[in-house]
Protein chains: 2
Amino acid sequence: MKTDRLQQQLRFLAEIDQLKSVLRRTTLIDKSRLENSAEHSWHVALMALVLAEHRDTEDLDFLRVVKMLLIHDIVEVDAGDTFCYDIEANRDKLQRECEAADRIFRLLPDDVGSDLRSLWDEFEEQATPEAQYASAMDRLQPILQNLNSQGNAWQQHSIRREQVLSRNRHIGEASQSLWDYVKRSVTEATDKGWLID
Amino acid sequence: MKTDRLQQQLRFLAEIDQLKSVLRRTTLIDKSRLENSAEHSWHVALMALVLAEHRDTEDLDFLRVVKMLLIHDIVEVDAGDTFCYDIEANRDKLQRECEAADRIFRLLPDDVGSDLRSLWDEFEEQATPEAQYASAMDRLQPILQNLNSQGNAWQQHSIRREQVLSRNRHIGEASQSLWDYVKRSVTEATDKGWLID
C-alpha cells in the first residue's frame with residue numbers, strides 16, 4: 001500500500017520534471033537565455049522568504065505561501081506558459097490550466113493530490129492573504145529580472161509602462177511598500193527608455 | 001532604513017539569479033540538457049513536501065526543511081557545482097563553499113542573512129532531523145533523474161553501483177523506506193546495465 005503511494009508520488013515528481021523545459025518570456029539577468037518555469041518557481045519561493053518583512057498582513061502562514069509558489073506553475077507542463085501581456089492567449093488560459101491541474105494532481109495519492117490542488121485553487125482565486133502575497137512575489141520577480149537587465153524582455157516585446165502598472169497593481173494588496181518601489185522603478189525604467197511611455 | 005534593507009534584499013535576489021547558470025552532472029529526464037542548480041532546488045523542495053509521509057521522524061518543521069533546500073546550493077554561484085563522485089574536487093569543497101556563504105549571505109541585512117546562513121550551516125552539519133531529511137531529498141533527486149532516464153548521467157560517467165550505494169547511504173537516516181526503495185532500484189538499474197557492477 002505504502003509502496004503504491006510511493007510509486008504514485010515518484011511518477012508525479014518525474015512528470016513535473018518537464019516544467020524545466022517550459023520557457024517564459026523573461027530572460028536570466030545576464031540575458032544569456034529565456035528563464036524556465038521551474039527555476040522561476042525556485043526564485044519566487046525564496047523571494048517570499050527574503051522579502052517577508054515587507055508584507056502588510058502580520059500573520060502569514062509562510063509554509064503555505066512557499067508551497068503555493070512551488071506548485072503554482074506546474075500546470076504549465078500541459079498548458080504551457082502564457083505571456084501575461086498576450087490578451088488572446090489569456091482568454092482560455094484558465095480552462096487549459098484547470099484541465100492540466102485535474103490531470104497532474106490526480107497522479108498523486110488522493111489525499112496528497114487534493115491538498116496540493118486546493119493550494120493551487122487558493123492561489124488562483126486570490127482569496128487569502130497567503131495567496132495574495134504569493135501572487136505579489138510571482139509578479140515582482142519578472143519585474144526584477146527586467147530592472148536588472150536594462151528591461152531586456154520589456155524591450156524585446158515593446159511593453160508599455162501602463163501595461164506593467166496595470167498588470168501588476170495588485171502587488172499593492174499584499175505590500176504597499178513593494179508596490180511603491182515598483183512604481184518608482186517603472187518610472188525610472190521608462191525614463192531610461194526600457195519601457196514605452 | 002527600510003528602503004536600504006529592501007535594496008540589500010533585492011541585490012541578493014539578483015545575485016542568486018546566477019544559480020540558474022550553474023550546471024550539474026545530472027540531466028533532465030528527457031536527456032535534452034544538463035540540469036541547473038536552481039531548478040534542482042525547486043525540485044527537491046517540492047519533493048520534500050510530496051514525500052513527507054515517508055520520513056522516519058514524526059515531528060519535522062517543514063518550513064525549515066524547505067528553506068534549507070531553497071538555499072542549500074546558492075553558494076555554487078561562487079563555488080560551482082562539485083560532482084559528488086569527484087574525489088579531488090571534493091577535497092576543498094567545504095572551504096570554497098564557506099567562503100561563498102560568507103560573501104553571499106552578507107549581501108542581506110544582518111538579521112535576514114544570519115538566519116539563512118545558520119540554516120545553511122545546519123544543512124551542512126547534518127545535525128538535526130530537518131537537515132537529514134532535506135539532505136535525503138537532495139540525494140534522492142539525482143537518483144530519480146537517473147532511474148527515469150535509463151541511468152543517463154550514471155552511464156556517461158561510468159558510475160559503479162557501489163558508489164551510488166556508499167554515497168547515498170545516509171538517506172536511510174531520514175527514511176528507511178526510501179532507502180529500501182533506492183537499494184532495490186539500484187540493483188535493478190545494475191541488472192539493466194545502467195550502473196557498473
# chains A, B, ... in the order shown; residues from 1 in each chain; ligands from 1
>>> interface_residues(of="chain A", to="chain B", cutoff="6 Å", atoms="only C-alpha atoms", output="ChimeraX atom specification")
/A:38-39,42,63
>>> select_by_dssp(residues="chain A", states="strand (DSSP E)", output="NGL selection string")
:A and (23-27 or 34-36)
>>> write_last_selection(atoms="all heavy atoms", output="short mmCIF file (atom, residue, chain, number, x, y, z; two decimals), in the first residue's frame")
data_model
loop_
_atom_site.label_atom_id
_atom_site.label_comp_id
_atom_site.auth_asym_id
_atom_site.auth_seq_id
_atom_site.Cartn_x
_atom_site.Cartn_y
_atom_site.Cartn_z
N LEU A 23 9.45 27.42 -21.22
CA LEU A 23 10.15 28.70 -21.24
C LEU A 23 9.20 29.87 -21.04
O LEU A 23 8.10 29.89 -21.58
CB LEU A 23 10.91 28.87 -22.56
CG LEU A 23 11.99 27.82 -22.80
CD1 LEU A 23 12.71 28.09 -24.12
CD2 LEU A 23 13.00 27.77 -21.65
N ARG A 24 9.65 30.85 -20.28
CA ARG A 24 8.92 32.08 -20.06
C ARG A 24 9.42 33.15 -21.04
O ARG A 24 10.34 32.91 -21.80
CB ARG A 24 9.14 32.54 -18.62
CG ARG A 24 8.56 31.55 -17.60
CD ARG A 24 9.08 31.81 -16.19
NE ARG A 24 8.95 33.19 -15.76
CZ ARG A 24 7.85 33.74 -15.26
NH1 ARG A 24 6.77 33.02 -15.08
NH2 ARG A 24 7.83 35.01 -14.91
N ARG A 25 8.82 34.34 -20.98
CA ARG A 25 9.29 35.41 -21.86
C ARG A 25 10.44 36.20 -21.23
O ARG A 25 11.15 36.93 -21.90
CB ARG A 25 8.16 36.39 -22.19
CG ARG A 25 7.00 35.77 -22.91
CD ARG A 25 7.40 35.22 -24.27
NE ARG A 25 6.30 34.45 -24.85
CZ ARG A 25 5.51 34.90 -25.82
NH1 ARG A 25 5.74 36.07 -26.37
NH2 ARG A 25 4.51 34.18 -26.26
N THR A 26 10.58 36.05 -19.92
CA THR A 26 11.64 36.75 -19.20
C THR A 26 12.97 36.03 -19.40
O THR A 26 12.98 34.82 -19.52
CB THR A 26 11.30 36.77 -17.70
OG1 THR A 26 9.91 37.00 -17.54
CG2 THR A 26 12.07 37.84 -16.98
N THR A 27 14.05 36.80 -19.42
CA THR A 27 15.37 36.16 -19.55
C THR A 27 16.07 36.13 -18.20
O THR A 27 15.64 36.78 -17.24
CB THR A 27 16.28 36.93 -20.52
OG1 THR A 27 16.52 38.24 -19.99
CG2 THR A 27 15.66 37.04 -21.90
N LEU A 34 16.28 32.50 -22.18
CA LEU A 34 14.99 32.64 -21.51
C LEU A 34 15.00 31.82 -20.21
O LEU A 34 15.66 30.79 -20.13
CB LEU A 34 13.86 32.14 -22.41
CG LEU A 34 13.60 32.96 -23.67
CD1 LEU A 34 12.51 32.29 -24.52
CD2 LEU A 34 13.18 34.40 -23.34
N GLU A 35 14.25 32.33 -19.26
CA GLU A 35 14.10 31.63 -17.99
C GLU A 35 13.05 30.53 -18.14
O GLU A 35 12.11 30.68 -18.92
CB GLU A 35 13.60 32.68 -16.99
CG GLU A 35 13.46 32.21 -15.59
CD GLU A 35 12.96 33.33 -14.69
OE1 GLU A 35 12.02 34.07 -15.07
OE2 GLU A 35 13.51 33.47 -13.60
N ASN A 36 13.21 29.42 -17.39
CA ASN A 36 12.15 28.41 -17.41
C ASN A 36 11.31 28.49 -16.13
O ASN A 36 11.72 29.11 -15.14
CB ASN A 36 12.72 27.01 -17.67
CG ASN A 36 13.50 26.46 -16.50
OD1 ASN A 36 12.98 26.31 -15.40
ND2 ASN A 36 14.79 26.17 -16.74
#
>>> atom_distance(atom1="atom CA of Glu130 of chain B", atom2="atom CA of Asp138 of chain A")
27.1 Å
>>> residues_around(residues="segment 78-84 of chain B", least_positions_apart="2", cutoff="8 Å", atoms="only C-alpha atoms", output="list in words")
Val22, Leu23, Arg24, Arg25, Ser37, Val75, Glu76, Asp86, Ile87, Ala89, Asn90, Lys93, Arg96, Glu97, Ala100 and Arg167 of chain B
>>> write_last_selection(atoms="N, CA, C and O atoms", output="PDB file, in the first residue's frame")
ATOM      1  N   VAL B  22      24.412  27.546 -13.159  1.00  0.00           N
ATOM      2  CA  VAL B  22      25.343  26.554 -12.613  1.00  0.00           C
ATOM      3  C   VAL B  22      24.834  25.168 -13.001  1.00  0.00           C
ATOM      4  O   VAL B  22      23.760  24.749 -12.576  1.00  0.00           O
ATOM      5  N   LEU B  23      25.601  24.483 -13.820  1.00  0.00           N
ATOM      6  CA  LEU B  23      25.144  23.186 -14.335  1.00  0.00           C
ATOM      7  C   LEU B  23      25.622  22.033 -13.462  1.00  0.00           C
ATOM      8  O   LEU B  23      26.747  22.028 -12.981  1.00  0.00           O
ATOM      9  N   ARG B  24      24.738  21.065 -13.279  1.00  0.00           N
ATOM     10  CA  ARG B  24      25.051  19.845 -12.562  1.00  0.00           C
ATOM     11  C   ARG B  24      25.442  18.743 -13.558  1.00  0.00           C
ATOM     12  O   ARG B  24      25.406  18.962 -14.762  1.00  0.00           O
ATOM     13  N   ARG B  25      25.799  17.569 -13.046  1.00  0.00           N
ATOM     14  CA  ARG B  25      26.124  16.470 -13.953  1.00  0.00           C
ATOM     15  C   ARG B  25      24.882  15.701 -14.386  1.00  0.00           C
ATOM     16  O   ARG B  25      24.924  14.936 -15.342  1.00  0.00           O
ATOM     17  N   SER B  37      21.322  24.160 -11.041  1.00  0.00           N
ATOM     18  CA  SER B  37      21.131  24.038  -9.594  1.00  0.00           C
ATOM     19  C   SER B  37      19.888  24.769  -9.087  1.00  0.00           C
ATOM     20  O   SER B  37      19.372  24.430  -8.015  1.00  0.00           O
ATOM     21  N   VAL B  75      25.545  28.780  -2.628  1.00  0.00           N
ATOM     22  CA  VAL B  75      26.992  29.025  -2.598  1.00  0.00           C
ATOM     23  C   VAL B  75      27.656  28.659  -3.922  1.00  0.00           C
ATOM     24  O   VAL B  75      28.756  29.123  -4.221  1.00  0.00           O
ATOM     25  N   GLU B  76      26.994  27.837  -4.706  1.00  0.00           N
ATOM     26  CA  GLU B  76      27.566  27.434  -6.002  1.00  0.00           C
ATOM     27  C   GLU B  76      27.672  28.596  -6.991  1.00  0.00           C
ATOM     28  O   GLU B  76      28.367  28.484  -8.000  1.00  0.00           O
ATOM     29  N   ASP B  86      33.570  13.039  -7.665  1.00  0.00           N
ATOM     30  CA  ASP B  86      34.903  13.564  -7.995  1.00  0.00           C
ATOM     31  C   ASP B  86      35.661  13.793  -6.686  1.00  0.00           C
ATOM     32  O   ASP B  86      35.501  14.811  -6.010  1.00  0.00           O
ATOM     33  N   ILE B  87      36.513  12.844  -6.329  1.00  0.00           N
ATOM     34  CA  ILE B  87      37.174  12.872  -5.019  1.00  0.00           C
ATOM     35  C   ILE B  87      38.078  14.095  -4.876  1.00  0.00           C
ATOM     36  O   ILE B  87      38.078  14.780  -3.863  1.00  0.00           O
ATOM     37  N   ALA B  89      38.012  17.081  -6.407  1.00  0.00           N
ATOM     38  CA  ALA B  89      37.286  18.353  -6.299  1.00  0.00           C
ATOM     39  C   ALA B  89      36.576  18.487  -4.959  1.00  0.00           C
ATOM     40  O   ALA B  89      36.315  19.591  -4.481  1.00  0.00           O
ATOM     41  N   ASN B  90      36.272  17.343  -4.347  1.00  0.00           N
ATOM     42  CA  ASN B  90      35.553  17.393  -3.077  1.00  0.00           C
ATOM     43  C   ASN B  90      36.468  17.722  -1.891  1.00  0.00           C
ATOM     44  O   ASN B  90      35.989  18.039  -0.821  1.00  0.00           O
ATOM     45  N   LYS B  93      36.111  21.430  -1.249  1.00  0.00           N
ATOM     46  CA  LYS B  93      34.743  21.889  -1.470  1.00  0.00           C
ATOM     47  C   LYS B  93      34.229  22.714  -0.284  1.00  0.00           C
ATOM     48  O   LYS B  93      33.698  23.814  -0.468  1.00  0.00           O
ATOM     49  N   ARG B  96      35.762  26.259  -0.082  1.00  0.00           N
ATOM     50  CA  ARG B  96      35.250  27.121  -1.149  1.00  0.00           C
ATOM     51  C   ARG B  96      33.820  27.542  -0.878  1.00  0.00           C
ATOM     52  O   ARG B  96      33.432  28.691  -1.076  1.00  0.00           O
ATOM     53  N   GLU B  97      33.037  26.598  -0.380  1.00  0.00           N
ATOM     54  CA  GLU B  97      31.631  26.910  -0.157  1.00  0.00           C
ATOM     55  C   GLU B  97      31.422  27.808   1.057  1.00  0.00           C
ATOM     56  O   GLU B  97      30.512  28.646   1.068  1.00  0.00           O
ATOM     57  N   ALA B 100      32.109  31.280  -0.005  1.00  0.00           N
ATOM     58  CA  ALA B 100      30.968  31.751  -0.801  1.00  0.00           C
ATOM     59  C   ALA B 100      29.805  32.137   0.107  1.00  0.00           C
ATOM     60  O   ALA B 100      29.161  33.181  -0.090  1.00  0.00           O
ATOM     61  N   ARG B 167      27.659   6.473  -1.419  1.00  0.00           N
ATOM     62  CA  ARG B 167      27.459   7.919  -1.395  1.00  0.00           C
ATOM     63  C   ARG B 167      26.111   8.318  -0.769  1.00  0.00           C
ATOM     64  O   ARG B 167      25.997   9.345  -0.119  1.00  0.00           O
TER      65      ARG B 167
END
>>> residues_around(residues="Trp154 of chain A", least_positions_apart="5", cutoff="7 Å", atoms="only C-alpha atoms", output="list in words")
Asn146, Ile159, Trp194 and Leu195 of chain A
>>> write_last_selection(atoms="N, CA, C and O atoms", output="PDB file, in the first residue's frame")
ATOM      1  N   ASN A 146      13.711  42.215 -15.235  1.00  0.00           N
ATOM      2  CA  ASN A 146      13.803  43.297 -16.214  1.00  0.00           C
ATOM      3  C   ASN A 146      14.623  44.478 -15.693  1.00  0.00           C
ATOM      4  O   ASN A 146      15.470  45.015 -16.412  1.00  0.00           O
ATOM      5  N   ILE A 159       6.923  46.559 -24.549  1.00  0.00           N
ATOM      6  CA  ILE A 159       5.938  46.706 -23.469  1.00  0.00           C
ATOM      7  C   ILE A 159       5.853  48.183 -23.043  1.00  0.00           C
ATOM      8  O   ILE A 159       6.852  48.896 -23.017  1.00  0.00           O
ATOM      9  N   TRP A 194      13.517  51.905 -21.288  1.00  0.00           N
ATOM     10  CA  TRP A 194      13.338  50.451 -21.247  1.00  0.00           C
ATOM     11  C   TRP A 194      11.872  50.069 -21.427  1.00  0.00           C
ATOM     12  O   TRP A 194      11.565  48.919 -21.757  1.00  0.00           O
ATOM     13  N   LEU A 195      10.982  51.002 -21.136  1.00  0.00           N
ATOM     14  CA  LEU A 195       9.539  50.805 -21.343  1.00  0.00           C
ATOM     15  C   LEU A 195       9.043  51.959 -22.206  1.00  0.00           C
ATOM     16  O   LEU A 195       9.579  53.072 -22.147  1.00  0.00           O
TER      17      LEU A 195
END
>>> select_by_dssp(residues="segment 150-183 of chain B", states="alpha helix (DSSP H)", output="list in words")
Asn152, Ala153, Trp154, Gln155, Gln156, Arg161, Glu162, Gln163, Val164, Leu165, Ser166, Arg167, Asn168, Ile171, Gly172, Glu173, Ala174, Gln176, Ser177, Leu178, Trp179, Asp180, Tyr181, Val182 and Lys183 of chain B
>>> write_last_selection(atoms="C-alpha atoms", output="compact mmCIF listing (two decimals), in the first residue's frame")
# COMPACT_ATOMS: atom_id res chain seq x y z
CA ASN B 152 21.79 8.68 -18.37
CA ALA B 153 24.32 10.53 -16.14
CA TRP B 154 25.50 7.31 -14.49
CA GLN B 155 26.31 5.78 -17.85
CA GLN B 156 28.02 8.92 -19.14
CA ARG B 161 26.67 0.51 -8.20
CA GLU B 162 28.79 0.59 -5.05
CA GLN B 163 29.50 4.32 -5.47
CA VAL B 164 25.79 5.13 -5.54
CA LEU B 165 25.06 2.99 -2.50
CA SER B 166 28.00 4.27 -0.49
CA ARG B 167 27.46 7.92 -1.39
CA ASN B 168 23.75 7.92 -0.61
CA ILE B 171 19.13 8.57 3.02
CA GLY B 172 18.36 5.73 5.42
CA GLU B 173 18.92 8.02 8.42
CA ALA B 174 15.93 10.09 7.35
CA GLN B 176 14.27 3.69 5.89
CA SER B 177 11.53 3.09 3.33
CA LEU B 178 13.03 5.49 0.79
CA TRP B 179 16.45 3.94 1.31
CA ASP B 180 14.97 0.47 0.79
CA TYR B 181 13.44 1.77 -2.44
CA VAL B 182 16.81 3.15 -3.58
CA LYS B 183 18.60 -0.12 -2.86
>>> decode(residues="segment 83-102 of chain B", atoms="N, CA, C and O atoms", output="CSV table (one decimal), in the first residue's frame")
chain,number,residue,atom,x,y,z
B,83,PHE,N,30.9,17.7,-8.6
B,83,PHE,CA,30.4,16.4,-8.9
B,83,PHE,C,30.6,15.5,-7.7
B,83,PHE,O,31.8,15.4,-7.2
B,84,CYS,N,29.6,14.8,-7.2
B,84,CYS,CA,29.7,14.1,-5.9
B,84,CYS,C,30.7,12.9,-6.0
B,84,CYS,O,31.2,12.5,-5.0
B,85,TYR,N,31.0,12.4,-7.2
B,85,TYR,CA,31.9,11.3,-7.3
B,85,TYR,C,33.3,11.7,-7.7
B,85,TYR,O,34.2,10.9,-8.1
B,86,ASP,N,33.6,13.0,-7.7
B,86,ASP,CA,34.9,13.6,-8.0
B,86,ASP,C,35.7,13.8,-6.7
B,86,ASP,O,35.5,14.8,-6.0
B,87,ILE,N,36.5,12.8,-6.3
B,87,ILE,CA,37.2,12.9,-5.0
B,87,ILE,C,38.1,14.1,-4.9
B,87,ILE,O,38.1,14.8,-3.9
B,88,GLU,N,38.8,14.4,-5.9
B,88,GLU,CA,39.8,15.5,-5.9
B,88,GLU,C,39.1,16.8,-5.6
B,88,GLU,O,39.4,17.6,-4.7
B,89,ALA,N,38.0,17.1,-6.4
B,89,ALA,CA,37.3,18.4,-6.3
B,89,ALA,C,36.6,18.5,-5.0
B,89,ALA,O,36.3,19.6,-4.5
B,90,ASN,N,36.3,17.3,-4.3
B,90,ASN,CA,35.6,17.4,-3.1
B,90,ASN,C,36.5,17.7,-1.9
B,90,ASN,O,36.0,18.0,-0.8
B,91,ARG,N,37.8,17.7,-2.1
B,91,ARG,CA,38.7,17.9,-1.0
B,91,ARG,C,38.6,19.3,-0.5
B,91,ARG,O,38.5,19.5,0.7
B,92,ASP,N,38.6,20.3,-1.3
B,92,ASP,CA,38.5,21.7,-0.9
B,92,ASP,C,37.1,22.3,-1.0
B,92,ASP,O,36.9,23.5,-0.9
B,93,LYS,N,36.1,21.4,-1.2
B,93,LYS,CA,34.7,21.9,-1.5
B,93,LYS,C,34.2,22.7,-0.3
B,93,LYS,O,33.7,23.8,-0.5
B,94,LEU,N,34.4,22.2,0.9
B,94,LEU,CA,33.8,22.9,2.1
B,94,LEU,C,34.4,24.3,2.2
B,94,LEU,O,33.7,25.2,2.5
B,95,GLN,N,35.7,24.4,2.1
B,95,GLN,CA,36.3,25.7,2.2
B,95,GLN,C,35.8,26.7,1.2
B,95,GLN,O,35.5,27.8,1.5
B,96,ARG,N,35.8,26.3,-0.1
B,96,ARG,CA,35.2,27.1,-1.1
B,96,ARG,C,33.8,27.5,-0.9
B,96,ARG,O,33.4,28.7,-1.1
B,97,GLU,N,33.0,26.6,-0.4
B,97,GLU,CA,31.6,26.9,-0.2
B,97,GLU,C,31.4,27.8,1.1
B,97,GLU,O,30.5,28.6,1.1
B,98,CYS,N,32.3,27.7,2.1
B,98,CYS,CA,32.1,28.5,3.2
B,98,CYS,C,32.5,30.0,2.9
B,98,CYS,O,31.8,30.9,3.3
B,99,GLU,N,33.5,30.1,2.1
B,99,GLU,CA,33.9,31.5,1.6
B,99,GLU,C,32.7,32.1,0.8
B,99,GLU,O,32.4,33.3,0.9
B,100,ALA,N,32.1,31.3,0.0
B,100,ALA,CA,31.0,31.8,-0.8
B,100,ALA,C,29.8,32.1,0.1
B,100,ALA,O,29.2,33.2,-0.1
B,101,ALA,N,29.5,31.3,1.1
B,101,ALA,CA,28.4,31.6,2.0
B,101,ALA,C,28.7,32.9,2.8
B,101,ALA,O,27.8,33.7,2.9
B,102,ASP,N,30.0,33.1,3.2
B,102,ASP,CA,30.3,34.4,3.8
B,102,ASP,C,30.0,35.6,3.0
B,102,ASP,O,29.4,36.5,3.4
